[in-house]
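Text of the file entry-v4.pdb, holding PDB, C-alpha atoms:
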ATOM      1  CA  MET B 171       3.335  18.952  43.027  1.00  0.00           C
ATOM      2  CA  THR B 172       0.925  16.660  41.216  1.00  0.00           C
ATOM      3  CA  ASP B 173      -1.205  17.874  38.321  1.00  0.00           C
ATOM      4  CA  ALA B 174      -4.350  17.476  40.451  1.00  0.00           C
ATOM      5  CA  ILE B 175      -2.953  19.733  43.187  1.00  0.00           C
ATOM      6  CA  THR B 176      -1.679  22.329  40.695  1.00  0.00           C
ATOM      7  CA  GLN B 177      -5.103  22.364  39.013  1.00  0.00           C
ATOM      8  CA  ALA B 178      -6.908  22.651  42.371  1.00  0.00           C
ATOM      9  CA  LEU B 179      -4.727  25.616  43.385  1.00  0.00           C
ATOM     10  CA  ALA B 180      -5.368  27.354  40.033  1.00  0.00           C
ATOM     11  CA  GLU B 181      -9.116  27.060  40.606  1.00  0.00           C
ATOM     12  CA  VAL B 182      -9.112  28.491  44.156  1.00  0.00           C
ATOM     13  CA  GLY B 183      -9.360  32.148  43.045  1.00  0.00           C
ATOM     14  CA  PRO B 184     -12.358  31.704  40.727  1.00  0.00           C
ATOM     15  CA  ARG B 185     -14.023  29.457  43.342  1.00  0.00           C
ATOM     16  CA  LEU B 186     -13.551  32.119  46.057  1.00  0.00           C
ATOM     17  CA  LYS B 187     -15.137  34.751  43.824  1.00  0.00           C
ATOM     18  CA  ARG B 188     -18.014  32.430  42.866  1.00  0.00           C
ATOM     19  CA  VAL B 189     -18.792  31.600  46.521  1.00  0.00           C
ATOM     20  CA  ARG B 190     -18.667  35.280  47.500  1.00  0.00           C
ATOM     21  CA  THR B 191     -20.872  36.493  44.624  1.00  0.00           C
ATOM     22  CA  GLN B 192     -23.403  33.648  45.076  1.00  0.00           C
ATOM     23  CA  ARG B 193     -23.816  34.795  48.665  1.00  0.00           C
ATOM     24  CA  ARG B 194     -24.080  38.434  47.531  1.00  0.00           C
ATOM     25  CA  VAL B 195     -21.181  39.475  49.740  1.00  0.00           C
ATOM     26  CA  THR B 196     -19.034  42.422  48.680  1.00  0.00           C
ATOM     27  CA  LEU B 197     -15.267  42.525  49.031  1.00  0.00           C
ATOM     28  CA  ALA B 198     -15.750  45.187  51.696  1.00  0.00           C
ATOM     29  CA  ASP B 199     -18.164  42.946  53.656  1.00  0.00           C
ATOM     30  CA  LEU B 200     -15.799  39.968  53.422  1.00  0.00           C
ATOM     31  CA  SER B 201     -12.871  42.156  54.445  1.00  0.00           C
ATOM     32  CA  ALA B 202     -14.776  43.323  57.528  1.00  0.00           C
ATOM     33  CA  ALA B 203     -15.724  39.712  58.433  1.00  0.00           C
ATOM     34  CA  THR B 204     -12.236  38.267  57.970  1.00  0.00           C
ATOM     35  CA  GLY B 205      -9.843  41.109  58.747  1.00  0.00           C
ATOM     36  CA  ILE B 206      -8.202  40.576  55.344  1.00  0.00           C
ATOM     37  CA  SER B 207      -7.742  43.697  53.213  1.00  0.00           C
ATOM     38  CA  LYS B 208      -9.949  44.184  50.145  1.00  0.00           C
ATOM     39  CA  SER B 209      -6.878  44.326  47.887  1.00  0.00           C
ATOM     40  CA  THR B 210      -5.594  40.972  49.229  1.00  0.00           C
ATOM     41  CA  LEU B 211      -9.034  39.405  48.728  1.00  0.00           C
ATOM     42  CA  SER B 212      -9.195  40.797  45.190  1.00  0.00           C
ATOM     43  CA  ARG B 213      -5.709  39.452  44.351  1.00  0.00           C
ATOM     44  CA  LEU B 214      -6.694  36.022  45.764  1.00  0.00           C
ATOM     45  CA  GLU B 215      -9.806  35.909  43.583  1.00  0.00           C
ATOM     46  CA  SER B 216      -7.905  36.972  40.449  1.00  0.00           C
ATOM     47  CA  GLY B 217      -5.105  34.446  41.062  1.00  0.00           C
ATOM     48  CA  GLN B 218      -2.463  37.144  41.559  1.00  0.00           C
ATOM     49  CA  ARG B 219      -1.911  35.973  45.160  1.00  0.00           C
ATOM     50  CA  LYS B 220      -1.293  32.375  46.209  1.00  0.00           C
ATOM     51  CA  PRO B 221      -3.822  31.017  48.696  1.00  0.00           C
ATOM     52  CA  SER B 222      -2.515  30.134  52.148  1.00  0.00           C
ATOM     53  CA  LEU B 223      -4.184  28.663  55.212  1.00  0.00           C
ATOM     54  CA  GLU B 224      -3.851  31.999  56.999  1.00  0.00           C
ATOM     55  CA  LEU B 225      -6.062  33.547  54.319  1.00  0.00           C
ATOM     56  CA  LEU B 226      -8.355  30.635  53.465  1.00  0.00           C
ATOM     57  CA  LEU B 227      -9.370  29.626  57.003  1.00  0.00           C
ATOM     58  CA  PRO B 228     -10.971  33.004  57.881  1.00  0.00           C
ATOM     59  CA  ILE B 229     -12.711  33.078  54.465  1.00  0.00           C
ATOM     60  CA  ALA B 230     -14.088  29.549  54.949  1.00  0.00           C
ATOM     61  CA  GLN B 231     -15.286  30.535  58.421  1.00  0.00           C
ATOM     62  CA  ALA B 232     -16.939  33.732  57.128  1.00  0.00           C
ATOM     63  CA  HIS B 233     -18.760  31.795  54.390  1.00  0.00           C
ATOM     64  CA  GLN B 234     -19.437  28.876  56.785  1.00  0.00           C
ATOM     65  CA  VAL B 235     -18.178  26.266  54.309  1.00  0.00           C
ATOM     66  CA  PRO B 236     -15.615  23.500  54.844  1.00  0.00           C
ATOM     67  CA  LEU B 237     -12.129  24.373  53.657  1.00  0.00           C
ATOM     68  CA  ASP B 238     -12.155  21.324  51.327  1.00  0.00           C
ATOM     69  CA  GLU B 239     -15.187  22.698  49.539  1.00  0.00           C
ATOM     70  CA  LEU B 240     -13.699  26.169  49.303  1.00  0.00           C
ATOM     71  CA  VAL B 241     -10.480  25.001  47.680  1.00  0.00           C
ATOM     72  CA  GLY B 242     -11.886  22.011  45.780  1.00  0.00           C
ATOM     73  CA  ALA B 243      -9.376  19.625  47.335  1.00  0.00           C
ATOM     74  CA  PRO B 244      -8.737  16.567  45.151  1.00  0.00           C
ATOM     75  CA  GLU B 245     -10.160  13.238  46.279  1.00  0.00           C
ATOM     76  CA  VAL B 246      -7.676  11.269  48.338  1.00  0.00           C
ATOM     77  CA  GLY B 247      -8.974   7.889  47.242  1.00  0.00           C
ATOM     78  CA  ASP B 248     -11.261   5.252  48.561  1.00  0.00           C
ATOM     79  CA  PRO B 249     -10.145   4.205  52.077  1.00  0.00           C
ATOM     80  CA  ARG B 250     -11.908   0.851  51.851  1.00  0.00           C
ATOM     81  CA  VAL B 251      -9.684  -2.173  51.460  1.00  0.00           C
ATOM     82  CA  ARG B 252     -10.863  -4.598  48.809  1.00  0.00           C
ATOM     83  CA  LEU B 253      -9.069  -7.845  49.357  1.00  0.00           C
ATOM     84  CA  THR B 254      -9.262 -10.928  47.193  1.00  0.00           C
ATOM     85  CA  ALA B 255      -9.064 -14.376  48.724  1.00  0.00           C
ATOM     86  CA  ARG B 256      -7.180 -17.128  46.918  1.00  0.00           C
ATOM     87  CA  ARG B 257      -7.837 -20.852  47.234  1.00  0.00           C
ATOM     88  CA  ILE B 258      -4.524 -22.691  47.297  1.00  0.00           C
ATOM     89  CA  PRO B 259      -4.318 -26.472  46.874  1.00  0.00           C
ATOM     90  CA  ARG B 260      -2.273 -28.386  49.429  1.00  0.00           C
ATOM     91  CA  HIS B 261      -1.088 -31.983  49.401  1.00  0.00           C
ATOM     92  CA  ASN B 262      -3.548 -34.865  49.916  1.00  0.00           C
ATOM     93  CA  GLY B 263      -6.309 -33.029  48.046  1.00  0.00           C
ATOM     94  CA  THR B 264      -6.850 -30.424  50.791  1.00  0.00           C
ATOM     95  CA  SER B 265      -6.722 -26.685  50.277  1.00  0.00           C
ATOM     96  CA  MET B 266      -6.522 -23.432  52.145  1.00  0.00           C
ATOM     97  CA  THR B 267      -8.109 -20.063  51.518  1.00  0.00           C
ATOM     98  CA  VAL B 268      -5.665 -17.191  51.923  1.00  0.00           C
ATOM     99  CA  LEU B 269      -6.750 -13.572  52.293  1.00  0.00           C
ATOM    100  CA  PRO B 270      -3.849 -11.087  52.337  1.00  0.00           C
ATOM    101  CA  LEU B 271      -4.486  -8.349  54.914  1.00  0.00           C
ATOM    102  CA  THR B 272      -1.550  -6.127  53.982  1.00  0.00           C
ATOM    103  CA  ARG B 273      -1.000  -4.463  50.630  1.00  0.00           C
ATOM    104  CA  GLN B 274       2.287  -2.673  51.069  1.00  0.00           C
ATOM    105  CA  PRO B 275       5.491  -4.454  50.076  1.00  0.00           C
ATOM    106  CA  GLY B 276       8.000  -5.475  52.691  1.00  0.00           C
ATOM    107  CA  ALA B 277       7.510  -7.179  55.988  1.00  0.00           C
ATOM    108  CA  PRO B 278       5.699  -8.193  58.008  1.00  0.00           C
ATOM    109  CA  GLN B 279       2.911  -9.518  55.841  1.00  0.00           C
ATOM    110  CA  ALA B 280      -0.462 -10.408  57.402  1.00  0.00           C
ATOM    111  CA  PHE B 281      -2.853 -13.095  56.164  1.00  0.00           C
ATOM    112  CA  LYS B 282      -6.148 -14.601  57.248  1.00  0.00           C
ATOM    113  CA  MET B 283      -6.254 -18.298  56.382  1.00  0.00           C
ATOM    114  CA  ILE B 284      -8.938 -20.945  56.434  1.00  0.00           C
ATOM    115  CA  LEU B 285      -7.387 -24.403  56.416  1.00  0.00           C
ATOM    116  CA  ASP B 286      -9.240 -27.581  55.481  1.00  0.00           C
ATOM    117  CA  PRO B 287      -8.641 -30.591  57.753  1.00  0.00           C
ATOM    118  CA  ASP B 288      -5.584 -32.487  56.557  1.00  0.00           C
ATOM    119  CA  PRO B 289      -5.787 -36.239  57.261  1.00  0.00           C
ATOM    120  CA  GLY B 290      -2.529 -36.943  55.435  1.00  0.00           C
ATOM    121  CA  GLU B 291       1.006 -37.277  56.685  1.00  0.00           C
ATOM    122  CA  PRO B 292       2.537 -33.860  57.540  1.00  0.00           C
ATOM    123  CA  GLU B 293       5.421 -32.720  55.320  1.00  0.00           C
ATOM    124  CA  PRO B 294       7.435 -30.151  57.317  1.00  0.00           C
ATOM    125  CA  GLN B 295       9.112 -27.386  55.288  1.00  0.00           C
ATOM    126  CA  VAL B 296      11.886 -24.864  55.966  1.00  0.00           C
ATOM    127  CA  HIS B 297      12.413 -21.364  54.543  1.00  0.00           C
ATOM    128  CA  GLU B 298      13.756 -17.965  55.577  1.00  0.00           C
ATOM    129  CA  GLY B 299      11.547 -15.867  57.827  1.00  0.00           C
ATOM    130  CA  TYR B 300       9.698 -15.664  61.087  1.00  0.00           C
ATOM    131  CA  GLU B 301       6.011 -16.523  61.527  1.00  0.00           C
ATOM    132  CA  TRP B 302       3.328 -15.817  64.094  1.00  0.00           C
ATOM    133  CA  LEU B 303       0.041 -17.796  64.048  1.00  0.00           C
ATOM    134  CA  TYR B 304      -3.132 -16.967  65.972  1.00  0.00           C
ATOM    135  CA  VAL B 305      -6.097 -19.365  65.976  1.00  0.00           C
ATOM    136  CA  LEU B 306      -9.478 -17.670  65.517  1.00  0.00           C
ATOM    137  CA  SER B 307     -11.593 -20.831  65.317  1.00  0.00           C
ATOM    138  CA  GLY B 308     -11.135 -24.566  65.031  1.00  0.00           C
ATOM    139  CA  ARG B 309      -8.029 -26.440  66.095  1.00  0.00           C
ATOM    140  CA  LEU B 310      -4.622 -26.138  64.505  1.00  0.00           C
ATOM    141  CA  ARG B 311      -1.966 -28.831  64.603  1.00  0.00           C
ATOM    142  CA  LEU B 312       1.529 -27.339  64.523  1.00  0.00           C
ATOM    143  CA  ILE B 313       4.617 -29.451  64.062  1.00  0.00           C
ATOM    144  CA  LEU B 314       7.752 -27.482  64.837  1.00  0.00           C
ATOM    145  CA  ALA B 315      11.018 -29.417  64.705  1.00  0.00           C
ATOM    146  CA  ASP B 316      10.470 -32.262  67.210  1.00  0.00           C
ATOM    147  CA  ARG B 317       7.386 -30.713  68.861  1.00  0.00           C
ATOM    148  CA  ASP B 318       3.818 -31.668  67.875  1.00  0.00           C
ATOM    149  CA  MET B 319       1.129 -29.442  69.409  1.00  0.00           C
ATOM    150  CA  ILE B 320      -2.547 -28.531  69.075  1.00  0.00           C
ATOM    151  CA  LEU B 321      -3.584 -24.877  69.319  1.00  0.00           C
ATOM    152  CA  GLY B 322      -7.179 -23.828  69.981  1.00  0.00           C
ATOM    153  CA  PRO B 323      -9.043 -20.531  69.603  1.00  0.00           C
ATOM    154  CA  GLY B 324      -7.184 -17.645  71.211  1.00  0.00           C
ATOM    155  CA  GLU B 325      -3.841 -19.390  71.218  1.00  0.00           C
ATOM    156  CA  ALA B 326      -0.784 -18.215  69.313  1.00  0.00           C
ATOM    157  CA  ALA B 327       2.599 -19.551  68.321  1.00  0.00           C
ATOM    158  CA  GLU B 328       5.649 -17.865  66.888  1.00  0.00           C
ATOM    159  CA  PHE B 329       8.664 -19.523  65.357  1.00  0.00           C
ATOM    160  CA  ASP B 330      11.694 -19.219  63.138  1.00  0.00           C
ATOM    161  CA  THR B 331      10.699 -20.740  59.788  1.00  0.00           C
ATOM    162  CA  ARG B 332      14.215 -22.133  59.295  1.00  0.00           C
ATOM    163  CA  LEU B 333      13.047 -24.849  61.703  1.00  0.00           C
ATOM    164  CA  PRO B 334      11.153 -27.683  59.986  1.00  0.00           C
ATOM    165  CA  HIS B 335       7.471 -26.810  60.415  1.00  0.00           C
ATOM    166  CA  TRP B 336       3.993 -27.745  59.232  1.00  0.00           C
ATOM    167  CA  PHE B 337       0.494 -26.729  60.299  1.00  0.00           C
ATOM    168  CA  GLY B 338      -2.980 -27.916  59.415  1.00  0.00           C
ATOM    169  CA  ALA B 339      -6.550 -28.041  60.677  1.00  0.00           C
ATOM    170  CA  VAL B 340      -7.704 -30.862  62.931  1.00  0.00           C
ATOM    171  CA  GLY B 341     -11.230 -32.317  62.612  1.00  0.00           C
ATOM    172  CA  ARG B 342     -12.858 -29.343  60.892  1.00  0.00           C
ATOM    173  CA  PRO B 343     -11.631 -26.170  59.127  1.00  0.00           C
ATOM    174  CA  ALA B 344      -9.451 -23.867  61.193  1.00  0.00           C
ATOM    175  CA  GLU B 345      -9.403 -20.115  60.768  1.00  0.00           C
ATOM    176  CA  ILE B 346      -6.103 -18.413  61.619  1.00  0.00           C
ATOM    177  CA  LEU B 347      -4.252 -15.132  61.367  1.00  0.00           C
ATOM    178  CA  SER B 348      -0.685 -15.350  60.169  1.00  0.00           C
ATOM    179  CA  LEU B 349       2.014 -12.678  60.329  1.00  0.00           C
ATOM    180  CA  PHE B 350       5.122 -13.429  58.367  1.00  0.00           C
ATOM    181  CA  GLY B 351       8.305 -11.347  58.454  1.00  0.00           C
ATOM    182  CA  LYS B 352      11.866 -11.377  57.305  1.00  0.00           C
ATOM    183  CA  GLN B 353      14.395 -13.303  59.342  1.00  0.00           C
ATOM    184  CA  GLY B 354      15.015 -11.687  62.709  1.00  0.00           C
ATOM    185  CA  GLU B 355      11.738  -9.764  62.888  1.00  0.00           C
ATOM    186  CA  ARG B 356      10.130 -11.073  66.041  1.00  0.00           C
ATOM    187  CA  LEU B 357       6.682 -10.187  67.290  1.00  0.00           C
ATOM    188  CA  HIS B 358       6.187  -9.084  70.860  1.00  0.00           C
ATOM    189  CA  LEU B 359       3.077 -11.086  71.744  1.00  0.00           C
ATOM    190  CA  ARG B 360       3.687 -14.541  73.180  1.00  0.00           C
ATOM    191  CA  ALA B 361       1.078 -17.073  74.184  1.00  0.00           C
ATOM    192  CA  LYS B 362       1.595 -20.552  75.504  1.00  0.00           C
ATOM    193  CA  SER B 363       0.380 -23.488  73.457  1.00  0.00           C
ATOM    194  CA  ARG B 364      -0.858 -26.874  74.579  1.00  0.00           C
ATOM    195  CA  SER B 365       1.479 -29.817  74.079  1.00  0.00           C
TER     196      SER B 365
END
Just give me the structure of the file as structure tokens.
Amino acid sequence: MTDAITQALAEVGPRLKRVRTQRRVTLADLSAATGISKSTLSRLESGQRKPSLELLLPIAQAHQVPLDELVGAPEVGDPRVRLTARRIPRHNGTSMTVLPLTRQPGAPQAFKMILDPDPGEPEPQVHEGYEWLYVLSGRLRLILADRDMILGPGEAAEFDTRLPHWFGAVGRPAEILSLFGKQGERLHLRAKSRS
């Protein structure tokens, strides 16, 4: 158990007593409302009895307070995701903005990318992995081995990154989603691309 949970459990008894006395409810009244014996309620308040859901739920209902408030549950953290975009230079003076969408280690990893148009000569690369690209806006040129294709909004491509590949925006910036996984991890969505 973490220190926060241990501390929260230690404070349940005094909190139960404080809620009951602030509402001017006697142990006998609370016992009648919950069906829990006065001695059990007294031992809960003094910390001599460990709180359980079977005991706390009827007490929370009798006092008409949320269980979290009754037990002083520790905060679970901020659920908002605060992502930081990075601007990455590419060859020929172009760049791309990369926003990681996943924070946990392992695969697959998800990214939102904004690619500047790349008027230069493509330089295909190879590496371990499997990639899935989905075009949100703009046009994306994808060179994959001996294939050269243009993908528009709503189109997707998936490929083994051990094949020579390169992609870049055509004409204006392109916004894409990219999922990248370890070798052998294939995605189940397939969309045709224009040749």
Give as a PDB file with C-alpha atoms, in the frame of the given file the residues that the PyMOL selection byres ((chain B and resi 225-235) around 8) matches when applied to the coordinates above.
ATOM      1  CA  VAL B 189     -18.792  31.600  46.521  1.00  0.00           C
ATOM      2  CA  ARG B 190     -18.667  35.280  47.500  1.00  0.00           C
ATOM      3  CA  LEU B 200     -15.799  39.968  53.422  1.00  0.00           C
ATOM      4  CA  ALA B 203     -15.724  39.712  58.433  1.00  0.00           C
ATOM      5  CA  THR B 204     -12.236  38.267  57.970  1.00  0.00           C
ATOM      6  CA  ILE B 206      -8.202  40.576  55.344  1.00  0.00           C
ATOM      7  CA  PRO B 221      -3.822  31.017  48.696  1.00  0.00           C
ATOM      8  CA  SER B 222      -2.515  30.134  52.148  1.00  0.00           C
ATOM      9  CA  LEU B 223      -4.184  28.663  55.212  1.00  0.00           C
ATOM     10  CA  GLU B 224      -3.851  31.999  56.999  1.00  0.00           C
ATOM     11  CA  PRO B 236     -15.615  23.500  54.844  1.00  0.00           C
ATOM     12  CA  LEU B 237     -12.129  24.373  53.657  1.00  0.00           C
ATOM     13  CA  GLU B 239     -15.187  22.698  49.539  1.00  0.00           C
ATOM     14  CA  LEU B 240     -13.699  26.169  49.303  1.00  0.00           C
TER      15      LEU B 240
END
(message) (4.4, -31.9, 57.8) in this file's frame - what residues fall within 8 Å of it? Use all atoms listed in the file and give the answer as a PyMOL selection string.
(response) chain B and resi 291-295+313+335-337
message: Take the PyMOL selection byres ((chain B and resi 321) around 8), run it mentally on this structure, and tell me the resulting residues as JSON, numbers by chain.
response: {"B": [305, 309, 310, 311, 312, 319, 320, 322, 323, 325, 326, 363, 364]}
Work out where the centre of an axis-aligned box around every listed atom of stretch 224-233 of chain B lies and how long its edges are once 4 Å is added on each side; give both in Å to one decimal as AutoDock Vina command-line options.
--center_x -11.3 --center_y 31.6 --center_z 55.9 --size_x 22.9 --size_y 12.2 --size_z 13.0
Worksheet item: Which residues fall under the PyMOL selection byres ((chain B and resi 286) around 12) in this file, as JSON, numbers by chain?
Response: {"B": [257, 258, 259, 260, 261, 262, 263, 264, 265, 266, 267, 268, 283, 284, 285, 287, 288, 289, 290, 308, 309, 310, 311, 337, 338, 339, 340, 341, 342, 343, 344, 345, 346]}
* Shell of 9 Å around B:Leu211, only C-alpha atoms, local chain residues under 2 positions omitted, as a list of chain:residue names ->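 My list of contacting residues is B:Leu186, B:Leu197, B:Leu200, B:Ser201, B:Ile206, B:Ser207, B:Lys208, B:Ser209, B:Arg213, B:Leu214, B:Glu215, B:Ser216, B:Arg219, B:Leu225.
Considering only C-alpha atoms, the residue among B:Gly183, B:Gly299, B:Ser212, B:Phe329 positioned nearest to B:Thr196 is B:Ser212.
If you look at atom CA of B:Pro270 and atom CA of B:Asp318, they are 26.9 Å away from each other.
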Practice task
Kindly give the distance, in Å, that separates atom CA of B:Asp316 and atom CA of B:Trp302, rounded to a single decimal.
Solution key: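 Interatomic distance here is 18.2 Å.
Proximity to B:Leu306 was assessed for B:Ser348, B:Thr331, B:Gln279, B:Thr272 counting only C-alpha atoms; the smallest distance is recorded for B:Ser348.
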Determine, counting all atoms listed in the file, which protein, DNA and RNA residues have an atom within 6 Å of an atom of B:Glu301; residues of the same chain fewer than 4 positions away are not included. Present the result as a PyMOL selection string. chain B and resi 328-329+349-350
Can you write out the residues you just picked, keeping C-alpha atoms, as a short mmCIF file (atom, residue, chain, number, x, y, z; two decimals), in the frame of the given file?
data_model
loop_
_atom_site.label_atom_id
_atom_site.label_comp_id
_atom_site.auth_asym_id
_atom_site.auth_seq_id
_atom_site.Cartn_x
_atom_site.Cartn_y
_atom_site.Cartn_z
CA GLU B 328 5.65 -17.86 66.89
CA PHE B 329 8.66 -19.52 65.36
CA LEU B 349 2.01 -12.68 60.33
CA PHE B 350 5.12 -13.43 58.37
#
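Across the model, the gap from atom CA of B:Val241 to atom CA of B:Gln177 is 10.5 Å.
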